[in-house]
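Asker: Provided herewith: final_35.cif, mmCIF, C-alpha atoms.
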data_start
#
loop_
_atom_site.label_atom_id
_atom_site.label_comp_id
_atom_site.auth_asym_id
_atom_site.auth_seq_id
_atom_site.Cartn_x
_atom_site.Cartn_y
_atom_site.Cartn_z
CA MET J 1 100.87 57.10 11.43
CA LYS J 2 101.23 54.38 8.99
CA LYS J 3 103.05 52.51 11.60
CA TYR J 4 100.21 52.88 14.07
CA THR J 5 97.67 52.04 11.44
CA LEU J 6 99.49 48.89 10.56
CA ILE J 7 99.83 47.94 14.22
CA THR J 8 96.17 48.73 14.78
CA LEU J 9 95.18 46.68 11.79
CA LEU J 10 97.37 43.82 12.96
CA ALA J 11 95.94 44.10 16.48
CA LEU J 12 92.41 44.08 15.12
CA PHE J 13 93.21 41.10 12.92
CA PHE J 14 94.79 39.11 15.74
CA GLY J 15 92.04 40.20 18.10
CA TRP J 16 89.40 39.12 15.66
CA THR J 17 91.20 35.79 15.11
CA THR J 18 91.51 35.30 18.81
CA VAL J 19 87.84 36.10 19.37
CA THR J 20 86.90 33.80 16.49
CA ASN J 21 89.15 31.05 17.85
CA ALA J 22 87.78 31.65 21.32
CA GLU J 23 84.26 31.39 19.97
CA THR J 24 85.23 28.27 18.05
CA ASN J 25 86.89 26.86 21.14
CA ALA J 26 83.88 27.81 23.23
CA LEU J 27 81.59 26.14 20.70
CA ALA J 28 83.76 23.05 20.68
CA GLU J 29 83.80 23.03 24.47
CA ALA J 30 80.03 23.48 24.56
CA LYS J 31 79.64 20.52 22.21
CA GLU J 32 81.95 18.41 24.35
CA ASN J 33 80.13 19.49 27.50
CA ALA J 34 76.79 18.67 25.87
CA LYS J 35 78.07 15.23 24.82
CA THR J 36 79.40 14.59 28.29
CA MET J 37 76.18 15.84 29.87
CA VAL J 38 74.03 13.67 27.57
CA ALA J 39 76.20 10.63 28.23
CA THR J 40 76.05 11.30 31.95
CA ASN J 41 72.27 11.73 31.83
CA ILE J 42 71.85 8.56 29.79
CA ASN J 43 74.04 6.68 32.24
CA GLN J 44 72.04 8.07 35.14
CA VAL J 45 68.76 7.07 33.48
CA LEU J 46 70.07 3.56 32.76
CA ILE J 47 71.28 3.21 36.32
CA GLU J 48 67.90 4.34 37.63
CA ILE J 49 66.09 1.94 35.28
CA LEU J 50 68.29 -0.99 36.31
CA THR J 51 67.97 -0.10 39.97
CA GLY J 52 64.18 0.08 39.58
CA ALA J 53 64.15 -3.21 37.70
CA LYS J 54 66.25 -4.83 40.39
CA ALA J 55 63.92 -3.58 43.10
CA ALA J 56 60.83 -4.56 41.11
CA SER J 57 62.23 -8.00 40.31
CA GLY J 58 62.69 -8.57 44.01
CA GLU J 59 59.06 -7.66 44.56
CA VAL J 60 57.96 -9.88 41.66
CA TYR J 61 60.07 -12.73 43.02
CA SER J 62 58.58 -12.31 46.50
CA ALA J 63 55.03 -12.16 45.14
CA SER J 64 55.67 -15.18 42.90
CA LYS J 65 57.13 -17.13 45.79
CA ILE J 66 54.10 -16.37 47.96
CA THR J 67 51.66 -17.22 45.15
CA ILE J 68 53.45 -20.47 44.31
CA GLY J 69 53.38 -21.41 47.98
CA GLN J 70 49.65 -20.71 48.21
CA THR J 71 49.02 -22.67 45.02
CA TYR J 72 51.00 -25.62 46.35
CA ASP J 73 49.06 -25.56 49.61
CA PHE J 74 45.75 -25.40 47.71
CA VAL J 75 46.70 -28.26 45.40
CA LYS J 76 48.00 -30.34 48.29
CA LYS J 77 44.77 -29.80 50.20
CA GLU J 78 42.30 -30.29 47.32
CA THR J 79 43.94 -33.06 45.24
CA PRO J 80 42.66 -36.04 47.27
CA GLN J 81 39.09 -34.76 47.09
CA VAL J 82 39.37 -34.07 43.34
CA ILE J 83 40.75 -37.56 42.69
CA ALA J 84 37.98 -39.14 44.75
CA GLU J 85 35.38 -37.14 42.83
CA ILE J 86 36.87 -38.10 39.44
CA LEU J 87 36.84 -41.76 40.42
CA ARG J 88 33.28 -41.52 41.69
CA TRP J 89 32.18 -39.73 38.52
CA LYS J 90 33.80 -42.28 36.21
CA LEU J 91 32.26 -45.10 38.24
CA VAL J 92 28.78 -43.55 37.97
CA GLU J 93 29.33 -42.85 34.27
CA CYS J 94 30.15 -46.51 33.60
CA CYS J 95 27.20 -47.70 35.69
CA VAL J 96 24.84 -45.43 33.75
CA ARG J 97 26.22 -46.70 30.43
CA THR J 98 25.84 -50.27 31.65
CA GLY J 99 22.25 -49.51 32.68
CA VAL J 100 21.37 -47.87 29.35
CA TRP J 101 22.90 -50.59 27.19
CA GLY J 102 21.58 -53.29 29.55
CA SER J 103 18.07 -51.87 29.21
CA PHE J 104 18.38 -51.90 25.44
CA THR J 105 19.59 -55.51 25.63
CA PHE J 106 16.65 -56.56 27.79
CA ILE J 107 14.23 -54.77 25.46
CA LEU J 108 15.64 -56.82 22.57
CA LEU J 109 15.36 -60.02 24.60
CA GLY J 110 11.78 -59.14 25.59
CA PHE J 111 10.87 -58.44 21.97
CA SER J 112 12.37 -61.77 20.88
CA MET J 113 10.35 -63.59 23.58
CA LYS J 114 7.24 -61.78 22.43
CA LEU J 115 7.95 -62.94 18.88
CA SER J 116 8.21 -66.47 20.22
CA SER J 117 4.86 -66.18 22.02
CA TRP J 118 3.22 -64.66 18.93
CA ARG J 119 4.58 -67.50 16.83
CA LYS J 120 3.17 -70.09 19.24
CA LYS J 121 -0.23 -68.39 19.30
CA ALA J 122 -0.47 -68.39 15.56
CA THR J 123 -2.26 -71.44 14.25
CA PRO J 124 -1.18 -73.13 11.08
CA SER J 125 -4.49 -72.29 9.43
CA ASN J 126 -4.14 -68.51 9.65
CA SER J 127 -0.39 -68.12 9.12
CA HIS J 128 2.07 -69.25 6.55
CA SER J 129 4.97 -71.50 7.43
CA ASP J 130 7.38 -69.02 5.79
CA SER J 131 6.37 -66.25 8.16
CA ARG J 132 6.74 -68.63 11.12
CA GLU J 133 10.24 -69.54 10.00
CA MET J 134 11.02 -65.87 9.43
CA ALA J 135 9.79 -64.97 12.92
CA SER J 136 11.88 -67.80 14.38
CA ALA J 137 14.99 -66.62 12.52
CA PHE J 138 14.35 -63.01 13.52
CA LYS J 139 13.88 -64.14 17.14
CA TRP J 140 17.28 -65.85 17.16
CA ILE J 141 18.96 -62.90 15.44
CA LEU J 142 17.55 -60.56 18.10
CA ARG J 143 18.72 -62.89 20.85
CA CYS J 144 22.22 -63.07 19.38
CA VAL J 145 22.40 -59.27 19.02
CA ALA J 146 21.16 -58.85 22.60
CA LEU J 147 23.76 -61.34 23.86
CA LEU J 148 26.50 -59.61 21.89
CA LEU J 149 25.44 -56.20 23.29
CA LEU J 150 25.38 -57.62 26.80
CA ILE J 151 28.89 -59.09 26.42
CA LEU J 152 30.30 -55.87 24.92
CA ASN J 153 28.59 -53.73 27.53
CA LEU J 154 29.82 -55.78 30.46
CA GLY J 155 33.27 -56.15 28.93
CA TYR J 156 33.65 -52.48 28.09
CA ASN J 157 32.06 -50.82 31.11
CA GLY J 158 32.55 -53.70 33.55
CA MET J 159 36.32 -53.63 33.10
CA THR J 160 36.37 -49.90 33.82
CA VAL J 161 34.27 -50.38 36.94
CA SER J 162 36.48 -53.21 38.14
CA LYS J 163 39.63 -51.15 37.47
CA ILE J 164 38.24 -48.18 39.41
CA VAL J 165 37.23 -50.41 42.32
CA SER J 166 40.29 -52.65 42.45
CA ALA J 167 43.11 -50.36 41.23
CA PRO J 168 42.10 -46.70 41.44
CA ARG J 169 45.67 -45.39 41.28
CA VAL J 170 46.35 -47.27 38.06
CA TYR J 171 43.13 -45.90 36.59
CA ILE J 172 44.06 -42.33 37.59
CA ILE J 173 47.58 -42.68 36.13
CA GLU J 174 46.20 -44.01 32.84
CA TYR J 175 43.53 -41.30 32.82
CA VAL J 176 46.10 -38.53 33.32
CA ILE J 177 48.46 -39.95 30.69
CA ASP J 178 45.65 -40.24 28.14
CA THR J 179 44.42 -36.73 28.92
CA ILE J 180 47.92 -35.26 28.51
CA GLN J 181 48.38 -37.07 25.20
CA GLY J 182 45.03 -35.74 23.98
CA GLN J 183 43.37 -39.13 23.74
CA SER J 184 40.08 -40.15 25.23
CA PRO J 185 40.69 -42.05 28.47
CA ARG J 186 40.99 -45.78 27.98
CA ARG J 187 38.58 -48.20 29.52
#
Show me, as structure tokens, the structure contained in the file I just sent.
Answerer:
Amino acid sequence: MKKYTLITLLALFFGWTTVTNAETNALAEAKENAKTMVATNINQVLIEILTGAKAASGEVYSASKITIGQTYDFVKKETPQVIAEILRWKLVECCVRTGVWGSFTFILLGFSMKLSSWRKKATPSNSHSDSREMASAFKWILRCVALLLLILNLGYNGMTVSKIVSAPRVYIIEYVIDTIQGQSPRR
């Protein structure tokens, strides 16, 4: 009986070891299977993402190509009209400036002529000679300022008008360059 007990004990021990090893092996296999399954799932997800991105990028490319084509057609169609309107606007702007500064110049000239007529109307008995000389000097100062304003006005705005009329492409090129560089357009 001792013999059977020993054999039974040995069988139980080896059986238990085998079951434990089997469980350990099963656990190890389960871990490996889980790792493989996770890696496979991650690979599948990445493949699906990349496939979706590839398909979507094709759609984005197609939409971009269509939009760029439409934009090009719009710009090609509208650019001549926009350039003509910019030139017309700049021409009107310079003419208005010339008119405003010209009006101011003529007001100064008119005031200086009025001073001259007031000086002539004044008789020596009721006015001092110093005030007559002062009025005469003021008259000439006003005339010089008016002439200077007229020259600057015609030089500044007149050159822009002549450039727009005689060389509109040059004006547009200079205007675009100045705008891109952040400067005010030259005259």
Asker: For a test of reading the model, state the distance in Å between atom CA of J:Thr105 and atom CA of J:Gln183, rounded to one decimal.
Answerer: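 Atom CA of J:Gln183 lies at a distance of 28.9 Å from atom CA of J:Thr105.
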Asker: Compare J:Leu91, J:Leu115, J:Glu174, J:Ala146 by their minimum atom-to-atom distance to J:Val161, counting only C-alpha atoms, and give me the closest one.
Answerer: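 Using only C-alpha atoms, the shortest distance to J:Val161 belongs to J:Leu91.
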Asker: For a quick check of your reading of the model, name the residues lying within 12 Å of the coordinate (32.4, -57.0, 33.8), counting only C-alpha atoms, and write them as a CSV table (one decimal) with C-alpha atoms, in the coordinates of the input.
Answerer:
chain,number,residue,atom,x,y,z
J,94,CYS,CA,30.2,-46.5,33.6
J,95,CYS,CA,27.2,-47.7,35.7
J,98,THR,CA,25.8,-50.3,31.6
J,150,LEU,CA,25.4,-57.6,26.8
J,151,ILE,CA,28.9,-59.1,26.4
J,152,LEU,CA,30.3,-55.9,24.9
J,153,ASN,CA,28.6,-53.7,27.5
J,154,LEU,CA,29.8,-55.8,30.5
J,155,GLY,CA,33.3,-56.2,28.9
J,156,TYR,CA,33.6,-52.5,28.1
J,157,ASN,CA,32.1,-50.8,31.1
J,158,GLY,CA,32.6,-53.7,33.6
J,159,MET,CA,36.3,-53.6,33.1
J,160,THR,CA,36.4,-49.9,33.8
J,161,VAL,CA,34.3,-50.4,36.9
J,162,SER,CA,36.5,-53.2,38.1
J,163,LYS,CA,39.6,-51.2,37.5
J,164,ILE,CA,38.2,-48.2,39.4
J,165,VAL,CA,37.2,-50.4,42.3
J,187,ARG,CA,38.6,-48.2,29.5
Asker: At a cut-off of 10 Å from (43.3, -40.6, 37.9) in the coordinates of the file, what residues are picked up using only C-alpha atoms, written as an MDAnalysis selection string?
Answerer: chainID J and resid 82:87 90 164 168:177 179 185
Asker: How many Å separate atom CA of J:Phe111 from atom CA of J:Glu133?
Answerer: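 Value for the atom CA of J:Phe111-atom CA of J:Glu133 distance: 16.3 Å.
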Asker: Record the distance separating atom CA of J:Leu142 and atom CA of J:Trp101, expressed in Å with one decimal.
Answerer: 14.5 Å
Asker: So which residues touch J:Ser112 within 8 Å, counting only C-alpha atoms, skipping near sequence neighbours fewer than 3 positions away, as a ChimeraX atom specification?
Answerer: /J:108-109,115-116,138-140,142-143
Asker: Generate the missing atoms of stretch 149-179 of chain J up to N, CA and C atoms and report them as a PDB file, in the frame of the given file.
Answerer:
ATOM      1  N   LEU J 149      25.473 -57.503  22.591  1.00  0.00           N
ATOM      2  CA  LEU J 149      25.440 -56.200  23.290  1.00  0.00           C
ATOM      3  C   LEU J 149      25.722 -56.352  24.775  1.00  0.00           C
ATOM      4  N   LEU J 150      25.157 -57.395  25.376  1.00  0.00           N
ATOM      5  CA  LEU J 150      25.380 -57.620  26.800  1.00  0.00           C
ATOM      6  C   LEU J 150      26.857 -57.927  27.074  1.00  0.00           C
ATOM      7  N   ILE J 151      27.467 -58.753  26.250  1.00  0.00           N
ATOM      8  CA  ILE J 151      28.890 -59.090  26.420  1.00  0.00           C
ATOM      9  C   ILE J 151      29.767 -57.859  26.224  1.00  0.00           C
ATOM     10  N   LEU J 152      29.510 -57.090  25.164  1.00  0.00           N
ATOM     11  CA  LEU J 152      30.300 -55.870  24.920  1.00  0.00           C
ATOM     12  C   LEU J 152      30.111 -54.851  26.035  1.00  0.00           C
ATOM     13  N   ASN J 153      28.891 -54.698  26.470  1.00  0.00           N
ATOM     14  CA  ASN J 153      28.590 -53.730  27.530  1.00  0.00           C
ATOM     15  C   ASN J 153      29.312 -54.107  28.822  1.00  0.00           C
ATOM     16  N   LEU J 154      29.168 -55.352  29.232  1.00  0.00           N
ATOM     17  CA  LEU J 154      29.820 -55.780  30.460  1.00  0.00           C
ATOM     18  C   LEU J 154      31.347 -55.793  30.317  1.00  0.00           C
ATOM     19  N   GLY J 155      31.815 -56.151  29.146  1.00  0.00           N
ATOM     20  CA  GLY J 155      33.270 -56.150  28.930  1.00  0.00           C
ATOM     21  C   GLY J 155      33.846 -54.743  28.921  1.00  0.00           C
ATOM     22  N   TYR J 156      33.160 -53.852  28.250  1.00  0.00           N
ATOM     23  CA  TYR J 156      33.650 -52.480  28.090  1.00  0.00           C
ATOM     24  C   TYR J 156      33.504 -51.687  29.396  1.00  0.00           C
ATOM     25  N   ASN J 157      32.299 -51.607  29.909  1.00  0.00           N
ATOM     26  CA  ASN J 157      32.060 -50.820  31.110  1.00  0.00           C
ATOM     27  C   ASN J 157      32.407 -51.586  32.389  1.00  0.00           C
ATOM     28  N   GLY J 158      32.238 -52.889  32.372  1.00  0.00           N
ATOM     29  CA  GLY J 158      32.550 -53.700  33.550  1.00  0.00           C
ATOM     30  C   GLY J 158      34.038 -53.682  33.875  1.00  0.00           C
ATOM     31  N   MET J 159      34.872 -53.684  32.858  1.00  0.00           N
ATOM     32  CA  MET J 159      36.320 -53.630  33.100  1.00  0.00           C
ATOM     33  C   MET J 159      36.712 -52.281  33.707  1.00  0.00           C
ATOM     34  N   THR J 160      36.073 -51.224  33.253  1.00  0.00           N
ATOM     35  CA  THR J 160      36.370 -49.900  33.820  1.00  0.00           C
ATOM     36  C   THR J 160      35.932 -49.853  35.280  1.00  0.00           C
ATOM     37  N   VAL J 161      34.753 -50.360  35.555  1.00  0.00           N
ATOM     38  CA  VAL J 161      34.270 -50.380  36.940  1.00  0.00           C
ATOM     39  C   VAL J 161      35.202 -51.201  37.810  1.00  0.00           C
ATOM     40  N   SER J 162      35.594 -52.363  37.334  1.00  0.00           N
ATOM     41  CA  SER J 162      36.480 -53.210  38.140  1.00  0.00           C
ATOM     42  C   SER J 162      37.858 -52.567  38.324  1.00  0.00           C
ATOM     43  N   LYS J 163      38.344 -51.838  37.327  1.00  0.00           N
ATOM     44  CA  LYS J 163      39.630 -51.150  37.470  1.00  0.00           C
ATOM     45  C   LYS J 163      39.524 -50.016  38.480  1.00  0.00           C
ATOM     46  N   ILE J 164      38.431 -49.275  38.450  1.00  0.00           N
ATOM     47  CA  ILE J 164      38.240 -48.180  39.410  1.00  0.00           C
ATOM     48  C   ILE J 164      38.132 -48.730  40.829  1.00  0.00           C
ATOM     49  N   VAL J 165      37.429 -49.850  40.986  1.00  0.00           N
ATOM     50  CA  VAL J 165      37.230 -50.410  42.320  1.00  0.00           C
ATOM     51  C   VAL J 165      38.496 -51.095  42.825  1.00  0.00           C
ATOM     52  N   SER J 166      39.157 -51.861  41.976  1.00  0.00           N
ATOM     53  CA  SER J 166      40.290 -52.650  42.450  1.00  0.00           C
ATOM     54  C   SER J 166      41.638 -51.931  42.368  1.00  0.00           C
ATOM     55  N   ALA J 167      41.822 -51.048  41.384  1.00  0.00           N
ATOM     56  CA  ALA J 167      43.110 -50.360  41.230  1.00  0.00           C
ATOM     57  C   ALA J 167      42.897 -48.896  40.855  1.00  0.00           C
ATOM     58  N   PRO J 168      42.409 -48.088  41.787  1.00  0.00           N
ATOM     59  CA  PRO J 168      42.100 -46.700  41.440  1.00  0.00           C
ATOM     60  C   PRO J 168      43.321 -45.873  41.035  1.00  0.00           C
ATOM     61  N   ARG J 169      44.463 -46.152  41.638  1.00  0.00           N
ATOM     62  CA  ARG J 169      45.670 -45.390  41.280  1.00  0.00           C
ATOM     63  C   ARG J 169      46.091 -45.670  39.842  1.00  0.00           C
ATOM     64  N   VAL J 170      46.009 -46.918  39.441  1.00  0.00           N
ATOM     65  CA  VAL J 170      46.350 -47.270  38.060  1.00  0.00           C
ATOM     66  C   VAL J 170      45.391 -46.571  37.106  1.00  0.00           C
ATOM     67  N   TYR J 171      44.107 -46.571  37.452  1.00  0.00           N
ATOM     68  CA  TYR J 171      43.130 -45.900  36.590  1.00  0.00           C
ATOM     69  C   TYR J 171      43.442 -44.409  36.487  1.00  0.00           C
ATOM     70  N   ILE J 172      43.759 -43.771  37.600  1.00  0.00           N
ATOM     71  CA  ILE J 172      44.060 -42.330  37.590  1.00  0.00           C
ATOM     72  C   ILE J 172      45.317 -42.060  36.766  1.00  0.00           C
ATOM     73  N   ILE J 173      46.350 -42.879  36.910  1.00  0.00           N
ATOM     74  CA  ILE J 173      47.580 -42.680  36.130  1.00  0.00           C
ATOM     75  C   ILE J 173      47.291 -42.810  34.640  1.00  0.00           C
ATOM     76  N   GLU J 174      46.553 -43.843  34.255  1.00  0.00           N
ATOM     77  CA  GLU J 174      46.200 -44.010  32.840  1.00  0.00           C
ATOM     78  C   GLU J 174      45.331 -42.858  32.353  1.00  0.00           C
ATOM     79  N   TYR J 175      44.409 -42.407  33.184  1.00  0.00           N
ATOM     80  CA  TYR J 175      43.530 -41.300  32.820  1.00  0.00           C
ATOM     81  C   TYR J 175      44.330 -40.025  32.577  1.00  0.00           C
ATOM     82  N   VAL J 176      45.276 -39.741  33.471  1.00  0.00           N
ATOM     83  CA  VAL J 176      46.100 -38.530  33.320  1.00  0.00           C
ATOM     84  C   VAL J 176      46.983 -38.630  32.089  1.00  0.00           C
ATOM     85  N   ILE J 177      47.596 -39.771  31.866  1.00  0.00           N
ATOM     86  CA  ILE J 177      48.460 -39.950  30.690  1.00  0.00           C
ATOM     87  C   ILE J 177      47.656 -39.769  29.407  1.00  0.00           C
ATOM     88  N   ASP J 178      46.493 -40.380  29.335  1.00  0.00           N
ATOM     89  CA  ASP J 178      45.650 -40.240  28.140  1.00  0.00           C
ATOM     90  C   ASP J 178      45.193 -38.806  27.940  1.00  0.00           C
ATOM     91  N   THR J 179      44.857 -38.125  29.023  1.00  0.00           N
ATOM     92  CA  THR J 179      44.420 -36.730  28.920  1.00  0.00           C
ATOM     93  C   THR J 179      45.559 -35.848  28.430  1.00  0.00           C
TER      94      THR J 179
END
